[in-house]
Amino acid sequence: MGGRDSRLGGARRMKTVVVLGTATPGGGFPVYGAAYSSTLNEMDPTLSVEPKNTKGSTENIPLLEAGKIDIGQATGEVTYEALQGIGRAPANLRIINAMYSNFGMFVVRSDSPARSIADLKGKPIAWGASGSGFVVLARYVFDGLGLDISRDFKPIYLEKAGDGPAMVQDGRAAALWGGGIGWPGFVTVAKAPGGARFIAPTAEDIRRVLAKHAFIKPMSVPAGSYPGQDSPITALGSYSLVLAAPSLPEDVAYRLARALHKGKSLIAARHAQGGESTLENTLAAAPRQDLIHPGVLRYMREGGILH
């Protein structure tokens, strides 16, 4: 792997194939992966970025380490654990770009009696696909509140993210945990007959979580981000990222960064949060500058983004 050259297309011109690990169908990562890959391929005809469904963030990290994918999507929390070596050996990975701000909250049916996180304790909760970064985010948020997502709730871990909305609609789950603007699971529940409501941490909840886990940040969900959501919501999360092994050739990382920068208006038109996928946000989201791939840093310097 690592950007394999392949003869593709009628013109038989050489293209560099870059396999992108996304997540399970029905979640936000494959939707982003489709917009991202089509934009990069359009901006640089020498690239063939090919999205591939995986189990999500927690599988993409080892797939990158094993060289089974070239680049992979991961939430900020999963990236943090991998780089810090929490529960595993520290991963040697580099950032290609920030994707979008990813935060967690609950959606319930509009007729649900639940109005707060406390109301959901002991209830069946669809936390997401077992390999999803949303589950890792939930662990940190609820740990900050002194709760355990497996013990203090009745946890439901999904085979694929798209299974969650139906469980809320038919009552098998009291709530679905997820996030991000335009997240497919929330859109499905919000558009269903009767509509939906969202439950997020209170100001006091946020203070408690940040006191314990400082790498998580408050993020605003503007009013109107979902059908029936008439006021802004503050949730907790971090930037999701596209990662690569350091072995990805510098030239390939450079071309990916250049194509993304050139296509920033195109990806913004194709994805609800695509406008956040900028190299400026990548600089802001990286815990340290040396964690950004050298090829991306080279393009940032040439483009005047990094001085």
# chains A, B, ... in the order shown; residues from 1 in each chain; ligands from 1

$ residues_around --residues "Leu256 of chain A" --least-positions-apart "4" --cutoff "7 Å" --atoms "only C-alpha atoms" --output "PyMOL selection string"
chain A and resi 40+252+260

$ write_last_selection --atoms "N, CA and C atoms" --output "short mmCIF file (atom, residue, chain, number, x, y, z; two decimals), in the first residue's frame"
data_model
loop_
_atom_site.label_atom_id
_atom_site.label_comp_id
_atom_site.auth_asym_id
_atom_site.auth_seq_id
_atom_site.Cartn_x
_atom_site.Cartn_y
_atom_site.Cartn_z
N LEU A 40 -11.07 15.08 -4.14
CA LEU A 40 -9.62 14.96 -4.38
C LEU A 40 -9.33 14.40 -5.76
N VAL A 252 2.83 11.79 -2.10
CA VAL A 252 1.39 11.46 -2.11
C VAL A 252 0.65 12.33 -1.10
N LEU A 260 -7.03 18.88 -1.67
CA LEU A 260 -8.04 19.30 -0.70
C LEU A 260 -8.13 20.83 -0.64
#

$ residues_around --residues "Ala34 of chain A" --least-positions-apart "3" --cutoff "10 Å" --atoms "only C-alpha atoms" --output "PyMOL selection string"
chain A and resi 20+22+29-31+37-39+49-52+267+270-271

$ select_by_dssp --residues "segment 95-263 of chain A" --states "alpha helix (DSSP H)" --output "JSON, numbers by chain"
{"A": [117, 118, 119, 120, 133, 134, 135, 136, 137, 138, 139, 140, 141, 142, 143, 144, 164, 165, 166, 167, 168, 169, 184, 185, 186, 187, 188, 189, 190, 191, 203, 204, 205, 206, 207, 208, 209, 210, 211, 212, 250, 251, 252, 253, 254, 255, 256, 257, 258, 259, 260, 261, 262]}

$ write_last_selection --atoms "N, CA and C atoms" --output "short mmCIF file (atom, residue, chain, number, x, y, z; two decimals), in the first residue's frame"
data_model
loop_
_atom_site.label_atom_id
_atom_site.label_comp_id
_atom_site.auth_asym_id
_atom_site.auth_seq_id
_atom_site.Cartn_x
_atom_site.Cartn_y
_atom_site.Cartn_z
N ILE A 117 -29.80 13.88 30.72
CA ILE A 117 -28.98 12.67 30.76
C ILE A 117 -29.40 11.78 31.93
N ALA A 118 -29.70 12.42 33.08
CA ALA A 118 -30.10 11.66 34.27
C ALA A 118 -31.35 10.82 33.99
N ASP A 119 -32.26 11.34 33.15
CA ASP A 119 -33.48 10.61 32.81
C ASP A 119 -33.21 9.34 32.00
N LEU A 120 -32.03 9.27 31.37
CA LEU A 120 -31.71 8.12 30.51
C LEU A 120 -30.95 7.02 31.25
N GLY A 133 -15.85 5.63 16.76
CA GLY A 133 -15.27 6.60 17.67
C GLY A 133 -16.30 7.25 18.58
N PHE A 134 -17.58 7.22 18.18
CA PHE A 134 -18.63 7.79 19.03
C PHE A 134 -18.69 7.07 20.38
N VAL A 135 -18.43 5.76 20.36
CA VAL A 135 -18.46 4.98 21.60
C VAL A 135 -17.31 5.41 22.51
N VAL A 136 -16.15 5.67 21.91
CA VAL A 136 -14.99 6.13 22.68
C VAL A 136 -15.26 7.51 23.27
N LEU A 137 -15.84 8.40 22.47
CA LEU A 137 -16.20 9.73 22.96
C LEU A 137 -17.17 9.61 24.13
N ALA A 138 -18.18 8.74 23.99
CA ALA A 138 -19.16 8.55 25.06
C ALA A 138 -18.48 8.10 26.35
N ARG A 139 -17.51 7.18 26.23
CA ARG A 139 -16.79 6.70 27.41
C ARG A 139 -16.14 7.86 28.17
N TYR A 140 -15.50 8.76 27.43
CA TYR A 140 -14.82 9.90 28.07
C TYR A 140 -15.82 10.89 28.68
N VAL A 141 -16.86 11.22 27.92
CA VAL A 141 -17.85 12.19 28.40
C VAL A 141 -18.50 11.67 29.69
N PHE A 142 -18.93 10.42 29.68
CA PHE A 142 -19.65 9.90 30.84
C PHE A 142 -18.72 9.56 32.00
N ASP A 143 -17.47 9.23 31.69
CA ASP A 143 -16.48 9.08 32.76
C ASP A 143 -16.31 10.41 33.51
N GLY A 144 -16.32 11.51 32.75
CA GLY A 144 -16.24 12.83 33.37
C GLY A 144 -17.41 13.14 34.26
N GLY A 164 -29.37 2.11 14.14
CA GLY A 164 -29.80 2.82 15.35
C GLY A 164 -31.13 3.54 15.27
N PRO A 165 -31.39 4.31 14.21
CA PRO A 165 -32.64 5.09 14.18
C PRO A 165 -33.90 4.27 14.35
N ALA A 166 -33.97 3.10 13.70
CA ALA A 166 -35.18 2.26 13.81
C ALA A 166 -35.39 1.80 15.24
N MET A 167 -34.31 1.59 15.98
CA MET A 167 -34.44 1.15 17.38
C MET A 167 -35.07 2.23 18.25
N VAL A 168 -34.75 3.48 17.96
CA VAL A 168 -35.37 4.58 18.70
C VAL A 168 -36.84 4.70 18.29
N GLN A 169 -37.09 4.59 16.99
CA GLN A 169 -38.46 4.79 16.50
C GLN A 169 -39.40 3.70 17.00
N PRO A 184 -26.30 11.24 9.59
CA PRO A 184 -27.45 10.53 9.01
C PRO A 184 -28.40 9.93 10.04
N GLY A 185 -27.88 9.37 11.13
CA GLY A 185 -28.75 8.76 12.13
C GLY A 185 -29.71 9.75 12.76
N PHE A 186 -29.21 10.95 13.06
CA PHE A 186 -30.06 11.99 13.66
C PHE A 186 -31.07 12.52 12.64
N VAL A 187 -30.64 12.68 11.39
CA VAL A 187 -31.55 13.17 10.35
C VAL A 187 -32.73 12.21 10.21
N THR A 188 -32.45 10.89 10.21
CA THR A 188 -33.50 9.89 10.05
C THR A 188 -34.53 9.98 11.17
N VAL A 189 -34.06 10.08 12.42
CA VAL A 189 -34.99 10.16 13.55
C VAL A 189 -35.76 11.48 13.52
N ALA A 190 -35.07 12.57 13.21
CA ALA A 190 -35.71 13.89 13.23
C ALA A 190 -36.77 14.03 12.14
N LYS A 191 -36.58 13.32 11.02
CA LYS A 191 -37.53 13.42 9.90
C LYS A 191 -38.71 12.45 10.03
N ALA A 203 -24.49 22.88 31.27
CA ALA A 203 -23.28 23.68 31.52
C ALA A 203 -22.45 23.08 32.65
N GLU A 204 -23.12 22.59 33.69
CA GLU A 204 -22.41 21.98 34.81
C GLU A 204 -21.77 20.65 34.39
N ASP A 205 -22.50 19.87 33.58
CA ASP A 205 -21.94 18.62 33.05
C ASP A 205 -20.66 18.91 32.28
N ILE A 206 -20.71 19.93 31.43
CA ILE A 206 -19.56 20.29 30.59
C ILE A 206 -18.37 20.68 31.47
N ARG A 207 -18.62 21.46 32.50
CA ARG A 207 -17.54 21.88 33.40
C ARG A 207 -16.87 20.65 34.04
N ARG A 208 -17.67 19.69 34.46
CA ARG A 208 -17.13 18.49 35.11
C ARG A 208 -16.29 17.65 34.13
N VAL A 209 -16.79 17.48 32.90
CA VAL A 209 -16.06 16.67 31.92
C VAL A 209 -14.73 17.33 31.55
N LEU A 210 -14.75 18.65 31.32
CA LEU A 210 -13.51 19.34 30.92
C LEU A 210 -12.48 19.34 32.04
N ALA A 211 -12.94 19.32 33.28
CA ALA A 211 -12.01 19.28 34.41
C ALA A 211 -11.23 17.96 34.44
N LYS A 212 -11.83 16.90 33.90
CA LYS A 212 -11.16 15.59 33.92
C LYS A 212 -10.47 15.26 32.59
N GLU A 250 5.92 11.02 0.87
CA GLU A 250 5.73 12.45 1.09
C GLU A 250 5.03 13.11 -0.09
N ASP A 251 5.36 12.66 -1.30
CA ASP A 251 4.77 13.25 -2.50
C ASP A 251 3.26 12.99 -2.55
N VAL A 252 2.83 11.79 -2.10
CA VAL A 252 1.39 11.46 -2.11
C VAL A 252 0.65 12.33 -1.10
N ALA A 253 1.21 12.49 0.11
CA ALA A 253 0.58 13.34 1.13
C ALA A 253 0.50 14.79 0.64
N TYR A 254 1.54 15.25 -0.03
CA TYR A 254 1.58 16.60 -0.59
C TYR A 254 0.43 16.79 -1.59
N ARG A 255 0.27 15.81 -2.49
CA ARG A 255 -0.79 15.91 -3.51
C ARG A 255 -2.18 15.86 -2.89
N LEU A 256 -2.35 15.04 -1.83
CA LEU A 256 -3.64 14.99 -1.13
C LEU A 256 -3.97 16.36 -0.53
N ALA A 257 -2.97 16.97 0.13
CA ALA A 257 -3.19 18.28 0.76
C ALA A 257 -3.48 19.35 -0.29
N ARG A 258 -2.74 19.31 -1.38
CA ARG A 258 -2.94 20.30 -2.45
C ARG A 258 -4.33 20.17 -3.06
N ALA A 259 -4.76 18.92 -3.31
CA ALA A 259 -6.08 18.69 -3.91
C ALA A 259 -7.19 19.14 -2.97
N LEU A 260 -7.03 18.88 -1.67
CA LEU A 260 -8.04 19.30 -0.70
C LEU A 260 -8.13 20.83 -0.64
N HIS A 261 -6.98 21.49 -0.63
CA HIS A 261 -6.96 22.95 -0.56
C HIS A 261 -7.59 23.56 -1.81
N LYS A 262 -7.25 23.00 -2.96
CA LYS A 262 -7.83 23.51 -4.23
C LYS A 262 -9.33 23.26 -4.28
#

$ closest_atom_pairs --of "segment 3-100 of chain A" --to "segment 280-300 of chain A" --cutoff "12 Å" --atoms "only C-alpha atoms" --output "CSV"
residue,atom,partner,partner_atom,distance
A:Ile71,CA,A:His293,CA,11.4
A:Thr75,CA,A:Ala285,CA,11.5
A:Gly76,CA,A:Ala285,CA,8.8
A:Glu77,CA,A:Pro287,CA,11.7
A:Thr79,CA,A:Pro287,CA,10.1
A:Tyr80,CA,A:Pro287,CA,8.7
A:Leu83,CA,A:Leu291,CA,9.3
A:Gln84,CA,A:Pro287,CA,10.9
A:Ala91,CA,A:Leu291,CA,11.1
A:Asn92,CA,A:Leu291,CA,9.1
A:Leu93,CA,A:Leu291,CA,7.4
A:Arg94,CA,A:His293,CA,4.9
A:Ile95,CA,A:Ile292,CA,4.4
A:Ile96,CA,A:His293,CA,6.0
A:Asn97,CA,A:Thr282,CA,5.2
A:Ala98,CA,A:Thr282,CA,4.5
A:Met99,CA,A:Thr282,CA,8.1
A:Tyr100,CA,A:Asn281,CA,8.6

$ write_last_selection --atoms "C-alpha atoms" --output "mmCIF file, in the first residue's frame"
data_model
loop_
_atom_site.group_PDB
_atom_site.id
_atom_site.type_symbol
_atom_site.label_atom_id
_atom_site.label_comp_id
_atom_site.auth_asym_id
_atom_site.auth_seq_id
_atom_site.Cartn_x
_atom_site.Cartn_y
_atom_site.Cartn_z
ATOM 1 C CA ILE A 71 -5.235 6.694 4.836
ATOM 2 C CA THR A 75 -12.306 10.569 15.680
ATOM 3 C CA GLY A 76 -10.170 12.824 17.862
ATOM 4 C CA GLU A 77 -10.661 10.602 20.920
ATOM 5 C CA THR A 79 -6.528 9.339 17.700
ATOM 6 C CA TYR A 80 -5.653 10.685 21.151
ATOM 7 C CA LEU A 83 -0.948 8.484 19.917
ATOM 8 C CA GLN A 84 -0.765 8.487 23.740
ATOM 9 C CA ALA A 91 0.846 4.483 17.324
ATOM 10 C CA ASN A 92 3.230 6.084 14.849
ATOM 11 C CA LEU A 93 0.737 7.910 12.639
ATOM 12 C CA ARG A 94 0.557 11.315 10.960
ATOM 13 C CA ILE A 95 -2.328 13.697 10.216
ATOM 14 C CA ILE A 96 -3.309 14.398 6.613
ATOM 15 C CA ASN A 97 -6.169 16.769 7.426
ATOM 16 C CA ALA A 98 -8.883 17.720 9.888
ATOM 17 C CA MET A 99 -12.274 16.469 8.703
ATOM 18 C CA TYR A 100 -14.862 18.243 10.844
#

$ residues_around --residues "segment 213-220 of chain A" --least-positions-apart "6" --cutoff "6 Å" --atoms "only C-alpha atoms" --output "MDAnalysis selection string"
chainID A and resid 233:238

$ write_last_selection --atoms "N, CA and C atoms" --output "PDB file, in the first residue's frame"
ATOM      1  N   ILE A 233     -27.372  24.145  20.386  1.00  0.00           N
ATOM      2  CA  ILE A 233     -27.039  23.163  21.419  1.00  0.00           C
ATOM      3  C   ILE A 233     -25.528  23.193  21.622  1.00  0.00           C
ATOM      4  N   THR A 234     -25.084  23.107  22.872  1.00  0.00           N
ATOM      5  CA  THR A 234     -23.649  22.950  23.134  1.00  0.00           C
ATOM      6  C   THR A 234     -23.385  21.499  23.511  1.00  0.00           C
ATOM      7  N   ALA A 235     -22.487  20.867  22.756  1.00  0.00           N
ATOM      8  CA  ALA A 235     -22.135  19.471  23.001  1.00  0.00           C
ATOM      9  C   ALA A 235     -20.622  19.386  23.210  1.00  0.00           C
ATOM     10  N   LEU A 236     -20.121  18.184  23.406  1.00  0.00           N
ATOM     11  CA  LEU A 236     -18.689  17.989  23.656  1.00  0.00           C
ATOM     12  C   LEU A 236     -18.089  17.069  22.603  1.00  0.00           C
ATOM     13  N   GLY A 237     -16.866  17.388  22.172  1.00  0.00           N
ATOM     14  CA  GLY A 237     -16.228  16.538  21.171  1.00  0.00           C
ATOM     15  C   GLY A 237     -14.852  17.021  20.785  1.00  0.00           C
ATOM     16  N   SER A 238     -14.453  16.702  19.553  1.00  0.00           N
ATOM     17  CA  SER A 238     -13.146  17.098  19.037  1.00  0.00           C
ATOM     18  C   SER A 238     -13.191  16.972  17.514  1.00  0.00           C
TER      19      SER A 238
END

$ atom_distance --atom1 "atom CA of Glu59 of chain A" --atom2 "atom CA of Gly28 of chain A"
15.7 Å

$ atom_distance --atom1 "atom CA of Gly303 of chain A" --atom2 "atom CA of Leu279 of chain A"
10.0 Å

$ closest_residue --among "A:Ala245, A:Thr278, A:Gly194, A:Val107" --to "Leu63 of chain A" --atoms "only C-alpha atoms"
A:Ala245

$ atom_distance --atom1 "atom CA of Tyr239 of chain A" --atom2 "atom CA of Ala175 of chain A"
23.6 Å

$ select_by_dssp --residues "segment 5-63 of chain A" --states "strand (DSSP E or B)" --output "list in words"
Asp5, Ser6, Arg7, Leu8, Arg13, Met14, Lys15, Thr16, Val17, Val18, Val19, Leu20, Gly21, Leu47, Ser48, Val49, Glu50, Pro51 and Lys52 of chain A

$ closest_residue --among "A:Tyr226, A:Phe198, A:Phe153, A:Trp177" --to "Ala114 of chain A" --atoms "only C-alpha atoms"
A:Phe198

$ closest_residue --among "A:Lys55, A:Ala200, A:Leu248, A:Ala269" --to "Val18 of chain A" --atoms "only C-alpha atoms"
A:Leu248

$ residues_around --residues "Gln73 of chain A" --least-positions-apart "2" --cutoff "7 Å" --atoms "only C-alpha atoms" --output "list in words"
Gly21, Thr22, Ser57, Asn60, Leu241, Val242 and Leu243 of chain A

$ closest_residue --among "A:Ala173, A:Met43, A:Val108, A:Ala272" --to "Arg197 of chain A" --atoms "only C-alpha atoms"
A:Val108

$ closest_residue --among "A:Leu176, A:Ala23, A:Ala35, A:Ala196" --to "Ser110 of chain A" --atoms "only C-alpha atoms"
A:Ala196

$ closest_residue --among "A:Ile181, A:Gly263, A:Pro246, A:Pro45" --to "Ala223 of chain A" --atoms "only C-alpha atoms"
A:Ile181
